[in-house]
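> Below is the file run-v2.pdb, which contains PDB, C-alpha atoms.
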ATOM      1  CA  MET V  63       6.923 -71.777  -7.094
ATOM      2  CA  LEU V  64       9.582 -69.620  -5.445
ATOM      3  CA  LYS V  65      12.175 -70.919  -7.929
ATOM      4  CA  LYS V  66       9.940 -69.897 -10.822
ATOM      5  CA  PHE V  67       9.503 -66.421  -9.306
ATOM      6  CA  PHE V  68      13.282 -65.889  -8.915
ATOM      7  CA  LEU V  69      13.978 -67.243 -12.398
ATOM      8  CA  THR V  70      11.409 -64.842 -13.891
ATOM      9  CA  LEU V  71      12.804 -61.959 -11.811
ATOM     10  CA  PHE V  72      16.359 -62.789 -12.911
ATOM     11  CA  LEU V  73      15.307 -62.890 -16.581
ATOM     12  CA  LEU V  74      13.507 -59.538 -16.303
ATOM     13  CA  ILE V  75      16.524 -57.920 -14.639
ATOM     14  CA  PHE V  76      18.787 -59.351 -17.338
ATOM     15  CA  ILE V  77      16.532 -58.114 -20.156
ATOM     16  CA  PHE V  78      16.165 -54.588 -18.707
ATOM     17  CA  SER V  79      19.906 -54.416 -17.996
ATOM     18  CA  TRP V  80      20.676 -55.485 -21.554
ATOM     19  CA  PHE V  81      18.381 -52.785 -23.001
ATOM     20  CA  GLY V  82      19.906 -50.211 -20.657
ATOM     21  CA  ILE V  83      23.451 -51.091 -21.695
ATOM     22  CA  ASN V  84      22.625 -51.229 -25.405
ATOM     23  CA  GLY V  85      20.535 -48.065 -25.408
ATOM     24  CA  CYS V  86      17.201 -49.459 -26.594
ATOM     25  CA  GLY V  87      18.085 -49.100 -30.263
ATOM     26  CA  LYS V  88      20.045 -45.853 -29.983
ATOM     27  CA  LYS V  89      22.963 -45.246 -32.314
ATOM     28  CA  SER V  90      26.238 -46.883 -31.438
ATOM     29  CA  PRO V  91      28.816 -44.806 -29.548
ATOM     30  CA  PRO V  92      31.111 -42.497 -31.516
ATOM     31  CA  GLU V  93      33.889 -44.238 -33.405
ATOM     32  CA  PRO V  94      37.318 -43.293 -32.042
ATOM     33  CA  GLY V  95      39.265 -41.078 -34.431
ATOM     34  CA  ARG V  96      36.148 -40.016 -36.347
ATOM     35  CA  TYR V  97      35.241 -36.316 -36.560
ATOM     36  CA  TYR V  98      31.514 -35.601 -36.007
ATOM     37  CA  ASN V  99      29.663 -32.419 -36.934
ATOM     38  CA  LYS V 100      26.046 -32.623 -35.795
ATOM     39  CA  THR V 101      25.209 -29.121 -37.061
ATOM     40  CA  LYS V 102      26.099 -29.992 -40.658
ATOM     41  CA  GLY V 103      25.018 -33.636 -40.322
ATOM     42  CA  PHE V 104      28.144 -35.599 -41.191
ATOM     43  CA  SER V 105      31.140 -37.467 -39.864
ATOM     44  CA  ILE V 106      34.486 -38.332 -41.449
ATOM     45  CA  LYS V 107      37.622 -40.149 -40.418
ATOM     46  CA  PHE V 108      40.812 -38.178 -40.998
ATOM     47  CA  PRO V 109      44.285 -39.752 -41.057
ATOM     48  CA  LYS V 110      45.771 -40.459 -37.651
ATOM     49  CA  GLY V 111      48.202 -37.765 -36.536
ATOM     50  CA  TRP V 112      46.755 -35.014 -38.730
ATOM     51  CA  GLU V 113      45.809 -31.798 -36.917
ATOM     52  CA  ILE V 114      42.118 -30.866 -37.105
ATOM     53  CA  PHE V 115      40.828 -27.291 -37.258
ATOM     54  CA  GLU V 116      37.179 -26.215 -37.232
ATOM     55  CA  GLY V 117      36.177 -23.206 -39.301
ATOM     56  CA  GLN V 118      35.510 -19.907 -37.541
ATOM     57  CA  THR V 119      33.629 -18.074 -40.318
ATOM     58  CA  GLU V 120      31.189 -19.003 -43.068
ATOM     59  CA  GLU V 121      33.970 -18.686 -45.677
ATOM     60  CA  ASP V 122      36.191 -21.176 -43.813
ATOM     61  CA  PRO V 123      35.876 -24.897 -44.335
ATOM     62  CA  VAL V 124      33.619 -26.546 -41.760
ATOM     63  CA  VAL V 125      36.650 -28.615 -40.796
ATOM     64  CA  GLU V 126      40.161 -29.054 -42.106
ATOM     65  CA  ALA V 127      42.777 -31.706 -41.366
ATOM     66  CA  VAL V 128      46.439 -30.846 -41.943
ATOM     67  CA  SER V 129      49.242 -33.390 -42.225
ATOM     68  CA  PRO V 130      52.320 -33.125 -40.032
ATOM     69  CA  TRP V 131      55.500 -31.777 -41.651
ATOM     70  CA  GLU V 132      57.502 -34.600 -43.227
ATOM     71  CA  SER V 133      60.834 -32.755 -43.207
ATOM     72  CA  ASP V 134      62.392 -29.306 -42.934
ATOM     73  CA  SER V 135      62.297 -29.053 -46.724
ATOM     74  CA  ASP V 136      58.463 -29.254 -46.836
ATOM     75  CA  MET V 137      57.034 -26.101 -48.358
ATOM     76  CA  LEU V 138      53.377 -27.071 -47.868
ATOM     77  CA  SER V 139      51.465 -29.555 -45.768
ATOM     78  CA  GLU V 140      48.845 -31.828 -47.281
ATOM     79  CA  PHE V 141      45.339 -30.937 -46.171
ATOM     80  CA  ILE V 142      41.765 -32.132 -46.461
ATOM     81  CA  SER V 143      38.892 -29.670 -46.114
ATOM     82  CA  ILE V 144      35.140 -30.133 -45.880
ATOM     83  CA  TYR V 145      32.867 -27.336 -47.079
ATOM     84  CA  VAL V 146      29.083 -27.354 -46.770
ATOM     85  CA  ASP V 147      27.216 -24.883 -48.956
ATOM     86  CA  GLU V 148      23.532 -24.122 -48.447
ATOM     87  CA  LEU V 149      21.754 -24.303 -51.815
ATOM     88  CA  HIS V 150      19.385 -21.334 -52.021
ATOM     89  CA  ASN V 151      18.291 -21.828 -55.613
ATOM     90  CA  TRP V 152      17.366 -25.012 -57.364
ATOM     91  CA  MET V 153      20.520 -26.371 -58.897
ATOM     92  CA  ASP V 154      21.523 -29.862 -59.880
ATOM     93  CA  LEU V 155      24.926 -31.397 -59.294
ATOM     94  CA  ASP V 156      26.053 -30.887 -62.896
ATOM     95  CA  ASP V 157      25.237 -27.149 -62.722
ATOM     96  CA  TYR V 158      26.957 -26.784 -59.358
ATOM     97  CA  TYR V 159      30.019 -28.676 -60.639
ATOM     98  CA  SER V 160      30.223 -26.422 -63.716
ATOM     99  CA  GLU V 161      29.872 -23.271 -61.625
ATOM    100  CA  LEU V 162      32.533 -24.424 -59.185
ATOM    101  CA  SER V 163      34.876 -25.314 -62.048
ATOM    102  CA  ILE V 164      34.396 -21.883 -63.662
ATOM    103  CA  ASN V 165      34.930 -20.084 -60.328
ATOM    104  CA  SER V 166      38.071 -22.114 -59.657
ATOM    105  CA  GLU V 167      39.434 -21.291 -63.108
ATOM    106  CA  ASN V 168      38.774 -17.571 -62.517
ATOM    107  CA  GLU V 169      40.123 -17.442 -58.962
ATOM    108  CA  LEU V 170      43.090 -19.844 -58.930
ATOM    109  CA  ALA V 171      46.364 -19.014 -60.675
ATOM    110  CA  HIS V 172      47.445 -21.485 -63.373
ATOM    111  CA  TYR V 173      44.296 -23.594 -62.878
ATOM    112  CA  GLN V 174      44.400 -26.775 -64.947
ATOM    113  CA  GLU V 175      41.794 -29.566 -64.932
ATOM    114  CA  GLU V 176      43.448 -32.966 -65.202
ATOM    115  CA  ASP V 177      40.808 -35.650 -64.671
ATOM    116  CA  SER V 178      37.193 -36.048 -63.588
ATOM    117  CA  GLY V 179      34.640 -38.746 -62.980
ATOM    118  CA  THR V 180      31.805 -40.028 -60.850
ATOM    119  CA  SER V 181      31.587 -42.260 -57.812
ATOM    120  CA  THR V 182      29.490 -42.781 -54.686
ATOM    121  CA  ILE V 183      30.122 -41.786 -51.085
ATOM    122  CA  ASP V 184      27.752 -43.080 -48.399
ATOM    123  CA  ASP V 185      25.405 -44.296 -51.169
ATOM    124  CA  THR V 186      25.286 -40.779 -52.649
ATOM    125  CA  TYR V 187      26.177 -39.902 -56.247
ATOM    126  CA  VAL V 188      29.417 -37.884 -56.374
ATOM    127  CA  LYS V 189      31.291 -35.973 -59.050
ATOM    128  CA  TRP V 190      35.036 -35.657 -58.567
ATOM    129  CA  LEU V 191      37.645 -33.492 -60.222
ATOM    130  CA  ILE V 192      41.449 -33.492 -60.132
ATOM    131  CA  PHE V 193      43.112 -30.166 -60.893
ATOM    132  CA  SER V 194      46.317 -28.240 -60.271
ATOM    133  CA  TYR V 195      46.917 -24.574 -59.464
ATOM    134  CA  THR V 196      49.499 -22.340 -57.844
ATOM    135  CA  VAL V 197      49.520 -20.312 -54.638
ATOM    136  CA  ALA V 198      52.192 -17.980 -53.262
ATOM    137  CA  GLU V 199      53.927 -20.926 -51.565
ATOM    138  CA  GLY V 200      54.053 -23.029 -54.743
ATOM    139  CA  ALA V 201      52.163 -25.485 -56.938
ATOM    140  CA  MET V 202      49.284 -27.568 -55.577
ATOM    141  CA  GLN V 203      47.280 -30.518 -56.861
ATOM    142  CA  ASN V 204      43.756 -31.218 -55.661
ATOM    143  CA  ILE V 205      41.008 -33.797 -55.860
ATOM    144  CA  SER V 206      37.563 -32.477 -54.962
ATOM    145  CA  TYR V 207      34.435 -34.546 -54.364
ATOM    146  CA  LEU V 208      31.050 -32.822 -54.778
ATOM    147  CA  PHE V 209      27.678 -34.175 -53.720
ATOM    148  CA  PHE V 210      24.252 -33.015 -52.548
ATOM    149  CA  LYS V 211      21.927 -33.930 -49.731
ATOM    150  CA  ASP V 212      18.898 -32.092 -48.352
ATOM    151  CA  HIS V 213      19.526 -28.781 -50.174
ATOM    152  CA  GLN V 214      23.178 -28.710 -49.158
ATOM    153  CA  ALA V 215      26.288 -29.150 -51.278
ATOM    154  CA  TYR V 216      29.116 -31.070 -49.634
ATOM    155  CA  ILE V 217      32.635 -30.580 -50.975
ATOM    156  CA  ILE V 218      35.619 -32.592 -49.825
ATOM    157  CA  THR V 219      38.869 -31.077 -51.087
ATOM    158  CA  CYS V 220      42.204 -32.874 -50.745
ATOM    159  CA  ASN V 221      45.408 -30.989 -51.539
ATOM    160  CA  SER V 222      49.105 -31.731 -51.787
ATOM    161  CA  GLU V 223      52.161 -30.673 -53.699
ATOM    162  CA  PRO V 224      52.025 -32.172 -57.226
ATOM    163  CA  GLU V 225      55.044 -34.421 -56.719
ATOM    164  CA  LYS V 226      53.362 -35.997 -53.669
ATOM    165  CA  PHE V 227      49.795 -36.110 -54.983
ATOM    166  CA  TYR V 228      49.779 -39.697 -56.262
ATOM    167  CA  MET V 229      51.523 -40.847 -53.091
ATOM    168  CA  TYR V 230      48.598 -39.374 -51.087
ATOM    169  CA  LYS V 231      45.787 -40.071 -53.570
ATOM    170  CA  SER V 232      44.755 -43.416 -52.035
ATOM    171  CA  LYS V 233      44.723 -41.836 -48.559
ATOM    172  CA  PHE V 234      42.581 -38.981 -49.904
ATOM    173  CA  GLU V 235      40.160 -41.501 -51.448
ATOM    174  CA  GLU V 236      40.020 -43.497 -48.198
ATOM    175  CA  VAL V 237      39.151 -40.355 -46.226
ATOM    176  CA  ALA V 238      36.492 -39.317 -48.753
ATOM    177  CA  GLN V 239      34.947 -42.801 -48.611
ATOM    178  CA  SER V 240      34.810 -42.585 -44.784
ATOM    179  CA  PHE V 241      32.366 -39.647 -45.039
ATOM    180  CA  LYS V 242      28.944 -40.489 -43.576
ATOM    181  CA  PHE V 243      25.735 -38.552 -43.217
ATOM    182  CA  GLU V 244      24.686 -38.571 -39.575
TER     183      GLU V 244
END
Show how you would write the structure in this file as structure tokens.

Amino acid sequence: MLKKFFLTLFLLIFIFSWFGINGCGKKSPPEPGRYYNKTKGFSIKFPKGWEIFEGQTEEDPVVEAVSPWESDSDMLSEFISIYVDELHNWMDLDDYYSELSINSENELAHYQEEDSGTSTIDDTYVKWLIFSYTVAEGAMQNISYLFFKDHQAYIITCNSEPEKFYMYKSKFEEVAQSFKFE
């Protein structure tokens, strides 16, 4: 009888300890190296060694990751930015994509669309666009991913110098695919 009591007590302690350690169904702990933004409801994993900056104003990206300098001859660092835009009017992804494309063409010097397509990120339909443009420091090439969730537009932009773009393209795609809604 006493053995049965201690066995039952031991099992109950084990079960309650297990639930305590595993959080009773709570989310798993944060993944090392993953950036989390609870306010905007997403996480993303940037390349190791890239410097991360959070935006300070509404015009800034929510977060931006900048690659380290490769050499003294680097004119520009590669960077990945995440923008989140609150959708105030009803707009579908195609309309938003068209508007963004038109604004980019009007605001960026020597803007040139090069490729576009569709994909999915975190089981969400995405439109992507590759384009080039120039800034004071030189020419840039970009791939942008656009998608919607809960009346918000999410834009992941990945930029590099044109001669390095295809060297970084798979890394840019890997980062974009690491995006998760939280």
> Record the distance separating atom CA of V:Glu225 and atom CA of V:Glu176, expressed in Å with one decimal.
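If I compute the distance from atom CA of V:Glu225 to atom CA of V:Glu176, I get 14.4 Å.
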> V:Ile192, V:Val124, V:Ala238, V:Met153: which is nearest V:Lys100, counting all atoms listed in the file?
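Answer, going by the shortest atom-to-atom distance: V:Val124.
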> Since I can't run it myself right now, could you work out what the PyMOL selection byres ((chain V and resi 241) around 12) selects here and report it as a PyMOL selection string?
chain V and resi 96-99+103-108+143-144+182-186+188+207-209+216-218+234-240+242-244
> Once the PyMOL selection byres ((chain V and resi 116) around 12) has been evaluated on this model, what residues remain selected, and can you format them as a PyMOL selection string?
chain V and resi 97-99+113-115+117-128+142-145
> Would you please work out which residue, of V:Asp177, V:Glu199, V:Glu161, V:Asp147, is nearest to V:His213 when using all atoms listed in the file?
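Closest to V:His213, using all atoms listed in the file: V:Asp147.
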